[in-house]
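The file data.pdb comes next; it holds PDB, C-alpha atoms and all ligand atoms.
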```pdb
ATOM      1  CA  MET J   1     -13.171   5.701  31.498  1.00  0.00           C
ATOM      2  CA  GLU J   2     -10.841   2.913  30.496  1.00  0.00           C
ATOM      3  CA  ARG J   3      -9.594   2.982  26.904  1.00  0.00           C
ATOM      4  CA  GLU J   4      -8.201   0.069  24.958  1.00  0.00           C
ATOM      5  CA  VAL J   5      -4.550   0.591  24.043  1.00  0.00           C
ATOM      6  CA  MET J   6      -2.652  -1.196  21.289  1.00  0.00           C
ATOM      7  CA  GLU J   7       1.063  -0.553  20.946  1.00  0.00           C
ATOM      8  CA  TYR J   8       2.897  -0.507  17.605  1.00  0.00           C
ATOM      9  CA  ASP J   9       6.407   0.380  16.510  1.00  0.00           C
ATOM     10  CA  VAL J  10       5.120   2.202  13.425  1.00  0.00           C
ATOM     11  CA  VAL J  11       1.708   3.667  12.613  1.00  0.00           C
ATOM     12  CA  ILE J  12       1.055   4.677   9.005  1.00  0.00           C
ATOM     13  CA  VAL J  13      -2.039   6.763   8.282  1.00  0.00           C
ATOM     14  CA  GLY J  14      -3.612   6.114   4.874  1.00  0.00           C
ATOM     15  CA  GLY J  15      -3.846   2.823   2.996  1.00  0.00           C
ATOM     16  CA  GLY J  16      -3.340   4.251  -0.486  1.00  0.00           C
ATOM     17  CA  PRO J  17      -0.335   3.295  -2.648  1.00  0.00           C
ATOM     18  CA  SER J  18       2.057   5.458  -0.560  1.00  0.00           C
ATOM     19  CA  GLY J  19       1.038   4.121   2.857  1.00  0.00           C
ATOM     20  CA  LEU J  20       0.725   0.550   1.658  1.00  0.00           C
ATOM     21  CA  SER J  21       4.150   0.558  -0.015  1.00  0.00           C
ATOM     22  CA  ALA J  22       5.703   2.118   3.111  1.00  0.00           C
ATOM     23  CA  ALA J  23       4.159  -0.683   5.210  1.00  0.00           C
ATOM     24  CA  ILE J  24       5.325  -3.402   2.774  1.00  0.00           C
ATOM     25  CA  LYS J  25       8.873  -1.992   2.629  1.00  0.00           C
ATOM     26  CA  LEU J  26       9.095  -1.815   6.422  1.00  0.00           C
ATOM     27  CA  ALA J  27       7.795  -5.397   6.707  1.00  0.00           C
ATOM     28  CA  GLN J  28      10.381  -6.558   4.131  1.00  0.00           C
ATOM     29  CA  LEU J  29      13.220  -4.789   5.994  1.00  0.00           C
ATOM     30  CA  SER J  30      12.000  -6.176   9.306  1.00  0.00           C
ATOM     31  CA  LYS J  31      12.062  -9.728   7.871  1.00  0.00           C
ATOM     32  CA  GLU J  32      15.436  -9.298   6.109  1.00  0.00           C
ATOM     33  CA  ASN J  33      17.068  -7.979   9.265  1.00  0.00           C
ATOM     34  CA  ASN J  34      15.271 -10.385  11.589  1.00  0.00           C
ATOM     35  CA  LYS J  35      14.013  -7.452  13.640  1.00  0.00           C
ATOM     36  CA  PRO J  36      10.307  -7.878  14.345  1.00  0.00           C
ATOM     37  CA  LEU J  37       8.256  -4.708  13.852  1.00  0.00           C
ATOM     38  CA  GLU J  38       4.629  -4.183  14.784  1.00  0.00           C
ATOM     39  CA  ILE J  39       3.244  -2.127  11.918  1.00  0.00           C
ATOM     40  CA  CYS J  40      -0.233  -0.602  11.903  1.00  0.00           C
ATOM     41  CA  LEU J  41      -1.766   0.723   8.672  1.00  0.00           C
ATOM     42  CA  LEU J  42      -4.821   2.914   9.326  1.00  0.00           C
ATOM     43  CA  GLU J  43      -7.314   3.472   6.507  1.00  0.00           C
ATOM     44  CA  LYS J  44     -10.510   5.478   6.894  1.00  0.00           C
ATOM     45  CA  GLY J  45     -12.094   3.786   3.878  1.00  0.00           C
ATOM     46  CA  SER J  46     -13.965   0.493   4.141  1.00  0.00           C
ATOM     47  CA  GLU J  47     -10.811  -1.431   3.162  1.00  0.00           C
ATOM     48  CA  ILE J  48      -7.197  -0.900   2.137  1.00  0.00           C
ATOM     49  CA  GLY J  49      -7.166   0.664  -1.314  1.00  0.00           C
ATOM     50  CA  ALA J  50     -10.857   1.598  -1.103  1.00  0.00           C
ATOM     51  CA  HIS J  51     -10.114   5.141  -2.227  1.00  0.00           C
ATOM     52  CA  ILE J  52      -7.929   4.342  -5.214  1.00  0.00           C
ATOM     53  CA  LEU J  53      -9.827   6.034  -7.954  1.00  0.00           C
ATOM     54  CA  SER J  54      -8.946   4.393 -11.222  1.00  0.00           C
ATOM     55  CA  GLY J  55      -6.040   2.056 -11.866  1.00  0.00           C
ATOM     56  CA  ASN J  56      -6.725   1.914 -15.573  1.00  0.00           C
ATOM     57  CA  VAL J  57      -3.247   3.100 -16.433  1.00  0.00           C
ATOM     58  CA  PHE J  58      -0.442   1.812 -14.286  1.00  0.00           C
ATOM     59  CA  GLN J  59       3.270   2.655 -14.334  1.00  0.00           C
ATOM     60  CA  PRO J  60       4.819  -0.311 -12.497  1.00  0.00           C
ATOM     61  CA  THR J  61       8.370   0.994 -11.880  1.00  0.00           C
ATOM     62  CA  ALA J  62       7.958   1.422  -8.120  1.00  0.00           C
ATOM     63  CA  LEU J  63       6.034  -1.849  -7.723  1.00  0.00           C
ATOM     64  CA  ASN J  64       8.742  -3.714  -9.693  1.00  0.00           C
ATOM     65  CA  GLU J  65      11.296  -2.441  -7.182  1.00  0.00           C
ATOM     66  CA  LEU J  66       9.140  -3.221  -4.141  1.00  0.00           C
ATOM     67  CA  ILE J  67       7.807  -6.650  -5.162  1.00  0.00           C
ATOM     68  CA  PRO J  68       9.835  -7.928  -8.170  1.00  0.00           C
ATOM     69  CA  ASP J  69       7.626 -11.020  -8.692  1.00  0.00           C
ATOM     70  CA  TRP J  70       4.265  -9.261  -8.323  1.00  0.00           C
ATOM     71  CA  ARG J  71       3.132 -10.420 -11.779  1.00  0.00           C
ATOM     72  CA  GLU J  72       3.508 -14.091 -10.822  1.00  0.00           C
ATOM     73  CA  LYS J  73       1.685 -13.482  -7.524  1.00  0.00           C
ATOM     74  CA  LEU J  74      -1.360 -11.897  -9.176  1.00  0.00           C
ATOM     75  CA  SER J  75      -4.458 -13.994  -9.688  1.00  0.00           C
ATOM     76  CA  VAL J  76      -5.486 -11.803 -12.631  1.00  0.00           C
ATOM     77  CA  LYS J  77      -3.371 -11.211 -15.704  1.00  0.00           C
ATOM     78  CA  CYS J  78      -2.056  -7.801 -16.758  1.00  0.00           C
ATOM     79  CA  THR J  79      -1.390  -6.839 -20.333  1.00  0.00           C
ATOM     80  CA  ARG J  80       1.449  -4.626 -21.422  1.00  0.00           C
ATOM     81  CA  LYS J  81       0.828  -1.649 -23.640  1.00  0.00           C
ATOM     82  CA  LYS J  82       2.362  -2.262 -27.072  1.00  0.00           C
ATOM     83  CA  ARG J  83       4.703   0.526 -28.189  1.00  0.00           C
TER
HETATM   84  C1  LIG W   1      -9.639  10.816 -11.108  1.00  0.00           C
HETATM   85  C2  LIG W   1      -8.278  10.194 -10.868  1.00  0.00           C
HETATM   86  C3  LIG W   1      -7.849   9.141 -11.691  1.00  0.00           C
HETATM   87  C4  LIG W   1      -6.594   8.561 -11.501  1.00  0.00           C
HETATM   88  N1  LIG W   1      -6.207   7.535 -12.333  1.00  0.00           N
HETATM   89  C5  LIG W   1      -5.016   6.953 -12.160  1.00  0.00           C
HETATM   90  C6  LIG W   1      -4.598   5.871 -13.017  1.00  0.00           C
HETATM   91  O1  LIG W   1      -5.286   5.414 -13.906  1.00  0.00           O
HETATM   92  N2  LIG W   1      -3.380   5.338 -12.774  1.00  0.00           N
HETATM   93  C7  LIG W   1      -2.552   5.785 -11.779  1.00  0.00           C
HETATM   94  O2  LIG W   1      -1.471   5.233 -11.621  1.00  0.00           O
HETATM   95  N3  LIG W   1      -2.920   6.807 -10.977  1.00  0.00           N
HETATM   96  C8  LIG W   1      -4.114   7.410 -11.139  1.00  0.00           C
HETATM   97  N4  LIG W   1      -4.474   8.472 -10.330  1.00  0.00           N
HETATM   98  C9  LIG W   1      -3.538   8.947  -9.309  1.00  0.00           C
HETATM   99  C10 LIG W   1      -3.544   8.029  -8.099  1.00  0.00           C
HETATM  100  O3  LIG W   1      -4.872   7.825  -7.626  1.00  0.00           O
HETATM  101  C11 LIG W   1      -2.669   8.671  -7.007  1.00  0.00           C
HETATM  102  O4  LIG W   1      -1.408   8.985  -7.547  1.00  0.00           O
HETATM  103  C12 LIG W   1      -2.475   7.743  -5.830  1.00  0.00           C
HETATM  104  O5  LIG W   1      -3.712   7.259  -5.346  1.00  0.00           O
HETATM  105  C13 LIG W   1      -1.716   8.475  -4.722  1.00  0.00           C
HETATM  106  O6  LIG W   1      -1.500   7.559  -3.682  1.00  0.00           O
HETATM  107  P1  LIG W   1      -1.351   8.036  -2.186  1.00  0.00           P
HETATM  108  O7  LIG W   1      -1.156   6.796  -1.358  1.00  0.00           O
HETATM  109  O8  LIG W   1      -0.298   9.088  -2.107  1.00  0.00           O
HETATM  110  O9  LIG W   1      -2.699   8.766  -1.834  1.00  0.00           O
HETATM  111  P2  LIG W   1      -4.256   8.133  -1.796  1.00  0.00           P
HETATM  112  O10 LIG W   1      -4.391   7.079  -2.825  1.00  0.00           O
HETATM  113  O11 LIG W   1      -5.077   9.335  -1.818  1.00  0.00           O
HETATM  114  O12 LIG W   1      -4.239   7.425  -0.373  1.00  0.00           O
HETATM  115  C14 LIG W   1      -4.427   8.124   0.815  1.00  0.00           C
HETATM  116  C15 LIG W   1      -5.305   7.233   1.697  1.00  0.00           C
HETATM  117  O13 LIG W   1      -5.333   7.803   2.993  1.00  0.00           O
HETATM  118  C16 LIG W   1      -6.620   7.640   3.522  1.00  0.00           C
HETATM  119  N5  LIG W   1      -6.772   8.635   4.580  1.00  0.00           N
HETATM  120  C17 LIG W   1      -6.759   9.987   4.449  1.00  0.00           C
HETATM  121  N6  LIG W   1      -6.891  10.559   5.643  1.00  0.00           N
HETATM  122  C18 LIG W   1      -6.993   9.558   6.556  1.00  0.00           C
HETATM  123  C19 LIG W   1      -7.163   9.528   7.967  1.00  0.00           C
HETATM  124  N7  LIG W   1      -7.220  10.660   8.694  1.00  0.00           N
HETATM  125  N8  LIG W   1      -7.226   8.330   8.575  1.00  0.00           N
HETATM  126  C20 LIG W   1      -7.137   7.189   7.856  1.00  0.00           C
HETATM  127  N9  LIG W   1      -6.993   7.144   6.527  1.00  0.00           N
HETATM  128  C21 LIG W   1      -6.915   8.327   5.883  1.00  0.00           C
HETATM  129  C22 LIG W   1      -7.546   7.817   2.339  1.00  0.00           C
HETATM  130  O14 LIG W   1      -8.797   7.184   2.544  1.00  0.00           O
HETATM  131  C23 LIG W   1      -6.743   7.141   1.208  1.00  0.00           C
HETATM  132  O15 LIG W   1      -7.090   5.781   1.048  1.00  0.00           O
HETATM  133  C24 LIG W   1      -5.726   9.058 -10.473  1.00  0.00           C
HETATM  134  C25 LIG W   1      -6.164  10.105  -9.646  1.00  0.00           C
HETATM  135  C26 LIG W   1      -7.420  10.671  -9.829  1.00  0.00           C
HETATM  136  C27 LIG W   1      -7.862  11.810  -8.911  1.00  0.00           C
END
```

If you took the structure in this file and wrote it as structure tokens, what would it be?
Amino acid sequence: MEREVMEYDVVIVGGGPSGLSAAIKLAQLSKENNKPLEICLLEKGSEIGAHILSGNVFQPTALNELIPDWREKLSVKCTRKKR
């Protein structure tokens, strides 16, 4: 039996916040250093993020570090909790 083979430099299992941020960081480093990387992100759900359960409350510290201009890139608006 002949099986299809696809080669990658990195395979990340799980498209939750951890796997997705690992893939984004690697892609950023690959671009910054001009070293192309084939990255594969495997998710068993129907789509990336399909198993994120809530998202009602969100601490953005890590996302701010990973994608500083994420707020501008969003098509929906976020509101900050007033203290
Ligand atoms: C009820 C509930 C409510 C929550 N509410 C919030 C909230 O409001 N705000 C907040 O910030 N956090 C919330 N959390 C926490 C948040 O969901 C987790 O901290 C976060 O999802 C962890 O991310 P992760 O990438 O480590 O894991 P996960 O999000 O669990 O991602 C792992 C991914 O790997 C996939 N996977 C597993 N095995 C395989 C496999 N063999 N092959 C392919 N894919 C696989 C899964 O489908 C999943 O998508 C909540 C958690 C729960 C349980």

Enumerate residues in contact with ligand LIG 1 (chain W): an atom-to-atom distance of at most 9 Å, counting only C-alpha atoms and all ligand atoms. Format the result as a PyMOL selection string.
chain J and resi 12-21+41-60

If we count all atoms listed in the file and set the cut-off at 12 Å, which residues sit around Leu26 in chain J, ignoring sequence neighbours fewer than 3 positions away in its own chain? Please answer as a ChimeraX atom specification.
/J:9-12,19-23,29-41,66

What separation in Å, quoted to one decimal, exists between CA of Tyr8 in chain J and CA of Ile67 in chain J?
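Pair CA of Tyr8 in chain J / CA of Ile67 in chain J returns 24.1 Å.
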
Grab the CA of Gln28 in chain J to CA of Ser75 in chain J distance for me, in Å with one decimal place.
21.6 Å

Measure the distance from CA of Arg80 in chain J to CA of Ala27 in chain J in Å and round it to one decimal.
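Atom-to-atom, CA of Arg80 in chain J and CA of Ala27 in chain J are spaced 28.8 Å apart.
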